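Remarks on the structure that follows.
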Amino acid sequence: MKYNIFSLARNARTYHQDWTRAWRSPEPKPEYEAIIVGGGGHGLATAYYLAKECGVRSVAVLEKGWLGGGNTGRNTTIVRSNYLWDESAAIYEHSVKLWEGLSQDLNFNVMFSQRGLLHLAHTVHDLQEIGRRGHAIWLNGIDSEFLDVDQVREMVPLMNVNGRYPVLGALLQRRGGTARHDAVAWGYARKADEMGVDIIQNCAVTGFDIQNGVVKGVETTRGRIAAKKVGVVAAGHSSVLAEIAGFRMPLESVPLQALVSEPVKPCIDTVIMSNAVHVYLSQSDKGELVVGAGSDAYISYAQRGGFDVLEHIMGPLVELFPFVSRLRMLRQWGGIVDVTVDRSPILSKTPVENLFFNCGWGTGGFKCTPGSGHVFAHSIANGEMHPIAAPFSIDRFHTGALIDEGAAAAVAH
Amino acid sequence: MLQITCPWCGPRDAVEFHCHGEAHIARPEKPHEISDAEWGDYIFFRKNPKGVHFERWTHDAGCRRWFNAIRNTVTDAFIATYAPTDPIPEIPTDDQGDA
């Protein structure tokens, strides 16, 4: 059913009792053309673009829990493409361009709001870093502006720019912003389902059927499912699945925390990030302040994170925004993110033929949900990595051609 | 994981410590003889288990010494801590550590 003003009016007459479910819950078929392991945003986007653009309609998305219940529903919803290196600019900007038409494309309001995104500079080194990165971003044809402290104050009057680490300037990407994270998963799921993709929840992958170095299917908690191609998009659990498939991934899984305050009236109409004092902040459409904390400095699969990390985020937050000291924080949670040493993702073939991995998005995967899914779908369909995805091969950890985004990857590290 | 037992200082607040990743990684004996792939494995590839993990820690805000720890990455519970020169302790298979 297409969502529009007429379907809304029609359903209002029946007290909204007759809306059809946004996606089916089918039983798994014995065989598919392609299986996507992981029903988060990236996995669902991959399935969607496989069906829509690559003509691969026999697709199953296998999700061990519920749809979008992992990091897709746990991130701080920030979208931007202000990365240093050409390879990163290509994939993240590809994603931002897809974001700009996504609600229309999916016929689902993902509430993409290009409210601008500020990277604050507090030291001379910070100014030099944003200077270098800002100019690199320009050279890649992506919007980027330098603000002095007066312009920052004008844009965010509530910010205390004269704190212990005074704000000296900022890098602004006006096309950056936020989107509604759940809606992204739901929107992709609904459209993918409409084109025949089977979304199978509560179905954990427990093994891979590999014959002579070629993947033939997967073992799941709901039986064996055959597939010609398998794409693994499992975020924090990617290395666990890689180990089952018989190879290693250069990933470490750590908890990343976030928290939201009680809802207040609109007061912050942009996204603010500060690597130096280690905080980032935006306001959701419900009015909650969404605060991103850091990651724990040790491997963990416990989806909660250390208490000291929370303490570490509140100090600078209150210093930068003194009014927050009187707000209550309503919810806190953690997600398990898979971090690579160069803070760039891995989109790659693997030692097993027809088995593809899309992982290593670490602390910043949400922004690239459309872009990652798009290029990964094309890579799976063609059997060769898409040109935008090619530099993110796992081979770079053996050739040394790393894509070091430690500075642009922002607060969490 | 609110307290960690330093082999030298005993139980202390977890914020005094810092984790430095996987333990028991030996630098290749003959670096000039190994391939790029072996170098890459040595430098960039780490174990990332969902379960028991051997790792290096320092007691930064205490004795500042290094030690090794065995920790369960699902519960964040420590199973054992031991000095770098100690042999790796045997761990009972059912030991989930102290939370």
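Letters for chains follow the order of the structure tokens (A, B, ...), residue numbers begin at 1 for each chain, and ligand numbers begin at 1 in the order shown.
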Helix (DSSP H, G or I) per DSSP on the backbone: members of stretch 25-269 of chain A, as a VMD selection string: chain A and resid 41 to 53 71 to 73 86 to 100 102 to 106 124 to 139 149 to 155 181 to 194 235 to 245
Once you have the residues from the selection above, write them out as a PDB file, in the first residue's frame, restricted to C-alpha atoms.
ATOM      1  CA  GLY A  41      20.023  -0.814   8.216  1.00  0.00           C
ATOM      2  CA  HIS A  42      22.994  -1.814   6.072  1.00  0.00           C
ATOM      3  CA  GLY A  43      21.686  -5.341   5.503  1.00  0.00           C
ATOM      4  CA  LEU A  44      18.169  -4.191   4.638  1.00  0.00           C
ATOM      5  CA  ALA A  45      19.537  -1.493   2.338  1.00  0.00           C
ATOM      6  CA  THR A  46      21.670  -4.126   0.609  1.00  0.00           C
ATOM      7  CA  ALA A  47      18.611  -6.324   0.069  1.00  0.00           C
ATOM      8  CA  TYR A  48      16.597  -3.369  -1.183  1.00  0.00           C
ATOM      9  CA  TYR A  49      19.164  -2.285  -3.769  1.00  0.00           C
ATOM     10  CA  LEU A  50      19.743  -5.903  -4.836  1.00  0.00           C
ATOM     11  CA  ALA A  51      16.058  -6.184  -5.647  1.00  0.00           C
ATOM     12  CA  LYS A  52      15.578  -2.688  -7.030  1.00  0.00           C
ATOM     13  CA  GLU A  53      18.716  -2.058  -9.055  1.00  0.00           C
ATOM     14  CA  ASN A  71      23.057  -0.706  16.236  1.00  0.00           C
ATOM     15  CA  THR A  72      20.472   0.633  13.767  1.00  0.00           C
ATOM     16  CA  GLY A  73      18.237   1.457  16.708  1.00  0.00           C
ATOM     17  CA  ASP A  86      39.220  10.605  -1.286  1.00  0.00           C
ATOM     18  CA  GLU A  87      38.065   7.011  -0.782  1.00  0.00           C
ATOM     19  CA  SER A  88      35.998   7.992   2.261  1.00  0.00           C
ATOM     20  CA  ALA A  89      34.641  11.117   0.593  1.00  0.00           C
ATOM     21  CA  ALA A  90      33.463   8.968  -2.315  1.00  0.00           C
ATOM     22  CA  ILE A  91      31.497   6.478  -0.231  1.00  0.00           C
ATOM     23  CA  TYR A  92      30.125   8.855   2.429  1.00  0.00           C
ATOM     24  CA  GLU A  93      29.122  11.501  -0.128  1.00  0.00           C
ATOM     25  CA  HIS A  94      27.526   8.809  -2.279  1.00  0.00           C
ATOM     26  CA  SER A  95      25.509   8.017   0.822  1.00  0.00           C
ATOM     27  CA  VAL A  96      24.525  11.623   1.591  1.00  0.00           C
ATOM     28  CA  LYS A  97      23.270  11.998  -1.993  1.00  0.00           C
ATOM     29  CA  LEU A  98      21.108   8.899  -1.543  1.00  0.00           C
ATOM     30  CA  TRP A  99      19.865  10.268   1.815  1.00  0.00           C
ATOM     31  CA  GLU A 100      18.709  13.414   0.036  1.00  0.00           C
ATOM     32  CA  LEU A 102      15.553   8.545   0.354  1.00  0.00           C
ATOM     33  CA  SER A 103      12.115   9.416   1.757  1.00  0.00           C
ATOM     34  CA  GLN A 104      10.714   9.752  -1.779  1.00  0.00           C
ATOM     35  CA  ASP A 105      12.547   6.663  -2.970  1.00  0.00           C
ATOM     36  CA  LEU A 106      11.206   4.511  -0.129  1.00  0.00           C
ATOM     37  CA  VAL A 124      45.451  25.375  17.628  1.00  0.00           C
ATOM     38  CA  HIS A 125      45.924  21.750  16.667  1.00  0.00           C
ATOM     39  CA  ASP A 126      42.163  21.342  16.254  1.00  0.00           C
ATOM     40  CA  LEU A 127      42.112  24.405  13.980  1.00  0.00           C
ATOM     41  CA  GLN A 128      44.883  22.900  11.902  1.00  0.00           C
ATOM     42  CA  GLU A 129      43.089  19.562  11.706  1.00  0.00           C
ATOM     43  CA  ILE A 130      39.792  21.071  10.554  1.00  0.00           C
ATOM     44  CA  GLY A 131      41.767  23.326   8.196  1.00  0.00           C
ATOM     45  CA  ARG A 132      43.443  20.380   6.542  1.00  0.00           C
ATOM     46  CA  ARG A 133      40.291  18.286   6.455  1.00  0.00           C
ATOM     47  CA  GLY A 134      38.040  21.166   5.398  1.00  0.00           C
ATOM     48  CA  HIS A 135      40.194  21.920   2.386  1.00  0.00           C
ATOM     49  CA  ALA A 136      40.437  18.229   1.487  1.00  0.00           C
ATOM     50  CA  ILE A 137      36.630  18.078   1.637  1.00  0.00           C
ATOM     51  CA  TRP A 138      36.393  21.081  -0.723  1.00  0.00           C
ATOM     52  CA  LEU A 139      38.718  19.400  -3.175  1.00  0.00           C
ATOM     53  CA  VAL A 149      33.925  31.756  17.256  1.00  0.00           C
ATOM     54  CA  ASP A 150      31.460  34.627  16.744  1.00  0.00           C
ATOM     55  CA  GLN A 151      29.710  32.709  13.979  1.00  0.00           C
ATOM     56  CA  VAL A 152      29.573  29.632  16.205  1.00  0.00           C
ATOM     57  CA  ARG A 153      28.056  31.695  19.016  1.00  0.00           C
ATOM     58  CA  GLU A 154      25.496  33.133  16.630  1.00  0.00           C
ATOM     59  CA  MET A 155      24.539  29.686  15.393  1.00  0.00           C
ATOM     60  CA  HIS A 181      17.034   5.639  12.585  1.00  0.00           C
ATOM     61  CA  ASP A 182      14.132   3.209  13.056  1.00  0.00           C
ATOM     62  CA  ALA A 183      12.336   4.658  10.047  1.00  0.00           C
ATOM     63  CA  VAL A 184      15.358   3.880   7.896  1.00  0.00           C
ATOM     64  CA  ALA A 185      15.188   0.187   8.824  1.00  0.00           C
ATOM     65  CA  TRP A 186      11.411   0.085   8.485  1.00  0.00           C
ATOM     66  CA  GLY A 187      11.417   1.977   5.188  1.00  0.00           C
ATOM     67  CA  TYR A 188      14.009  -0.275   3.604  1.00  0.00           C
ATOM     68  CA  ALA A 189      12.320  -3.402   4.991  1.00  0.00           C
ATOM     69  CA  ARG A 190       8.925  -2.395   3.656  1.00  0.00           C
ATOM     70  CA  LYS A 191      10.144  -1.615   0.146  1.00  0.00           C
ATOM     71  CA  ALA A 192      12.416  -4.651  -0.031  1.00  0.00           C
ATOM     72  CA  ASP A 193       9.534  -6.874   1.108  1.00  0.00           C
ATOM     73  CA  GLU A 194       7.289  -5.322  -1.535  1.00  0.00           C
ATOM     74  CA  ALA A 235      28.399  -5.246  12.691  1.00  0.00           C
ATOM     75  CA  GLY A 236      29.814  -6.164  16.128  1.00  0.00           C
ATOM     76  CA  HIS A 237      29.434  -9.886  15.484  1.00  0.00           C
ATOM     77  CA  SER A 238      31.205  -9.901  12.109  1.00  0.00           C
ATOM     78  CA  SER A 239      34.407 -11.390  13.453  1.00  0.00           C
ATOM     79  CA  VAL A 240      32.447 -14.131  15.215  1.00  0.00           C
ATOM     80  CA  LEU A 241      30.880 -15.081  11.865  1.00  0.00           C
ATOM     81  CA  ALA A 242      34.223 -14.769  10.073  1.00  0.00           C
ATOM     82  CA  GLU A 243      35.721 -17.231  12.528  1.00  0.00           C
ATOM     83  CA  ILE A 244      32.896 -19.675  11.819  1.00  0.00           C
ATOM     84  CA  ALA A 245      33.640 -19.271   8.097  1.00  0.00           C
TER      85      ALA A 245
END
Report as CSV the residues of chain B within 7 Å of chain A, each with its shortest atom pair and distance in Å (one decimal), using only C-alpha atoms, ordered by chain and increasing residue number.
residue,atom,partner,partner_atom,distance
B:Val15,CA,A:Asp308,CA,6.8
B:Cys19,CA,A:Tyr298,CA,5.8
B:Gly21,CA,A:Tyr298,CA,6.8
B:Asp36,CA,A:His398,CA,5.7
B:Ala37,CA,A:His398,CA,5.0
B:Gly40,CA,A:His398,CA,4.5
B:Phe44,CA,A:Pro250,CA,5.9
B:Phe45,CA,A:Pro250,CA,4.4
B:Arg46,CA,A:Pro250,CA,6.2
B:Asn48,CA,A:Glu252,CA,5.5
B:Pro49,CA,A:Val240,CA,6.8
B:Lys50,CA,A:Tyr301,CA,6.5
B:Thr73,CA,A:Ser300,CA,4.5
B:Val74,CA,A:Tyr301,CA,4.9
B:Thr75,CA,A:Ala302,CA,6.0
B:Asp76,CA,A:Ser300,CA,6.6
Every residue of chain B that DSSP places in strand (DSSP E or B), as an NGL selection string: :B and (3-6 or 10-13 or 18-22 or 52-58 or 66-72 or 78-82 or 98)
Near-A:Ala34 list (12 Å; only C-alpha atoms; drop same-chain fewer than 3 positions) as a PyMOL selection string: chain A and resi 29-31+37+43+46-48+50-51+54-62+197-198+215-218+225-232+354-356+377+379-383
Selected residue, from B:His18, B:Arg12, B:Arg71, B:Arg64, that lies nearest to B:Gly51 when counting only C-alpha atoms: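 Closest residue, counting only C-alpha atoms: B:Arg71.
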Separation of atom CA of A:Gly176 from atom CA of A:Asp148 in Å: 18.8 Å
Best match for closeness to B:Thr85 among B:Ala23, B:Asp41, B:Cys63, B:Glu29, counting only C-alpha atoms: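 Smallest distance to B:Thr85 is found for B:Ala23.
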Closest of B:Glu55, B:Glu33, B:Glu38, B:Asp60 to B:Ala14 - atom-to-atom distances counting only C-alpha atoms: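 For B:Ala14, the nearest of the given residues is B:Asp60.
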Atom pair atom CA of A:Leu84 / atom CA of A:Gln114: separation (Å):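 Atom-to-atom, atom CA of A:Leu84 and atom CA of A:Gln114 are spaced 20.4 Å apart.
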Exercise: A:Phe392 partners within 7 Å, only C-alpha atoms, chain neighbours under 6 positions left out, as a ChimeraX atom specification: /A:345-348
Contact residues around stretch 314-325 of chain A with only C-alpha atoms at 10 Å, ignoring same-chain residues under 6 positions, as a PyMOL selection string: chain A and resi 157-167+261+274+276-281+289+291+293
Residue subset to file, keeping N, CA and C atoms, as a tab-separated table (two decimals), in the first residue's frame:
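Saved result, part31.tsv, follows:
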chain	number	residue	atom	x	y	z
A	157	PRO	N	23.50	29.81	20.31
A	157	PRO	CA	23.64	30.77	21.41
A	157	PRO	C	23.78	30.11	22.78
A	158	LEU	N	23.27	28.89	22.92
A	158	LEU	CA	23.32	28.25	24.24
A	158	LEU	C	24.68	27.69	24.58
A	159	MET	N	25.58	27.69	23.62
A	159	MET	CA	26.89	27.07	23.87
A	159	MET	C	27.79	28.01	24.65
A	160	ASN	N	28.46	27.48	25.66
A	160	ASN	CA	29.45	28.25	26.40
A	160	ASN	C	30.79	28.13	25.68
A	161	VAL	N	31.15	29.19	24.94
A	161	VAL	CA	32.38	29.11	24.14
A	161	VAL	C	33.62	29.50	24.95
A	162	ASN	N	33.40	29.92	26.20
A	162	ASN	CA	34.54	30.36	27.03
A	162	ASN	C	34.79	29.41	28.19
A	163	GLY	N	34.59	28.14	27.96
A	163	GLY	CA	34.80	27.17	29.03
A	163	GLY	C	36.27	26.90	29.26
A	164	ARG	N	36.53	25.82	29.94
A	164	ARG	CA	37.91	25.48	30.25
A	164	ARG	C	38.74	25.31	28.97
A	165	TYR	N	38.12	24.72	27.95
A	165	TYR	CA	38.74	24.63	26.63
A	165	TYR	C	37.93	25.49	25.67
A	166	PRO	N	38.28	26.78	25.53
A	166	PRO	CA	37.44	27.71	24.76
A	166	PRO	C	37.27	27.23	23.32
A	167	VAL	N	36.10	27.55	22.75
A	167	VAL	CA	35.86	27.23	21.34
A	167	VAL	C	36.55	28.28	20.49
A	261	SER	N	18.15	12.83	27.01
A	261	SER	CA	17.59	13.55	28.15
A	261	SER	C	16.08	13.51	28.09
A	274	SER	N	32.43	17.62	19.22
A	274	SER	CA	33.72	18.12	19.64
A	274	SER	C	34.63	16.95	19.98
A	276	ALA	N	37.77	17.24	20.80
A	276	ALA	CA	38.74	17.60	21.83
A	276	ALA	C	38.18	17.39	23.23
A	277	VAL	N	36.97	17.92	23.49
A	277	VAL	CA	36.42	17.72	24.83
A	277	VAL	C	35.52	16.49	24.86
A	278	HIS	N	35.39	15.82	23.69
A	278	HIS	CA	34.79	14.50	23.67
A	278	HIS	C	33.31	14.51	23.94
A	279	VAL	N	32.55	15.18	23.08
A	279	VAL	CA	31.10	15.16	23.27
A	279	VAL	C	30.43	15.42	21.93
A	280	TYR	N	29.28	14.83	21.72
A	280	TYR	CA	28.45	15.29	20.61
A	280	TYR	C	26.99	15.25	20.99
A	281	LEU	N	26.25	16.16	20.35
A	281	LEU	CA	24.92	16.48	20.84
A	281	LEU	C	24.02	16.91	19.69
A	289	LEU	N	17.45	15.64	24.11
A	289	LEU	CA	18.83	15.86	23.69
A	289	LEU	C	19.48	14.49	23.53
A	291	VAL	N	22.77	12.43	23.18
A	291	VAL	CA	24.17	12.64	23.51
A	291	VAL	C	24.95	11.36	23.19
A	293	ALA	N	28.23	9.19	23.69
A	293	ALA	CA	29.37	9.03	24.59
A	293	ALA	C	30.48	8.29	23.86
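With only C-alpha atoms as the atoms that count, the minimum distance from B:Glu16 to the choices B:Ile43, B:Ala61, B:Ile91, B:Thr81 is reached by B:Ala61.
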Two-atom distance - atom CA of A:Phe6, atom CA of A:Gly101 (Å): 21.6 Å
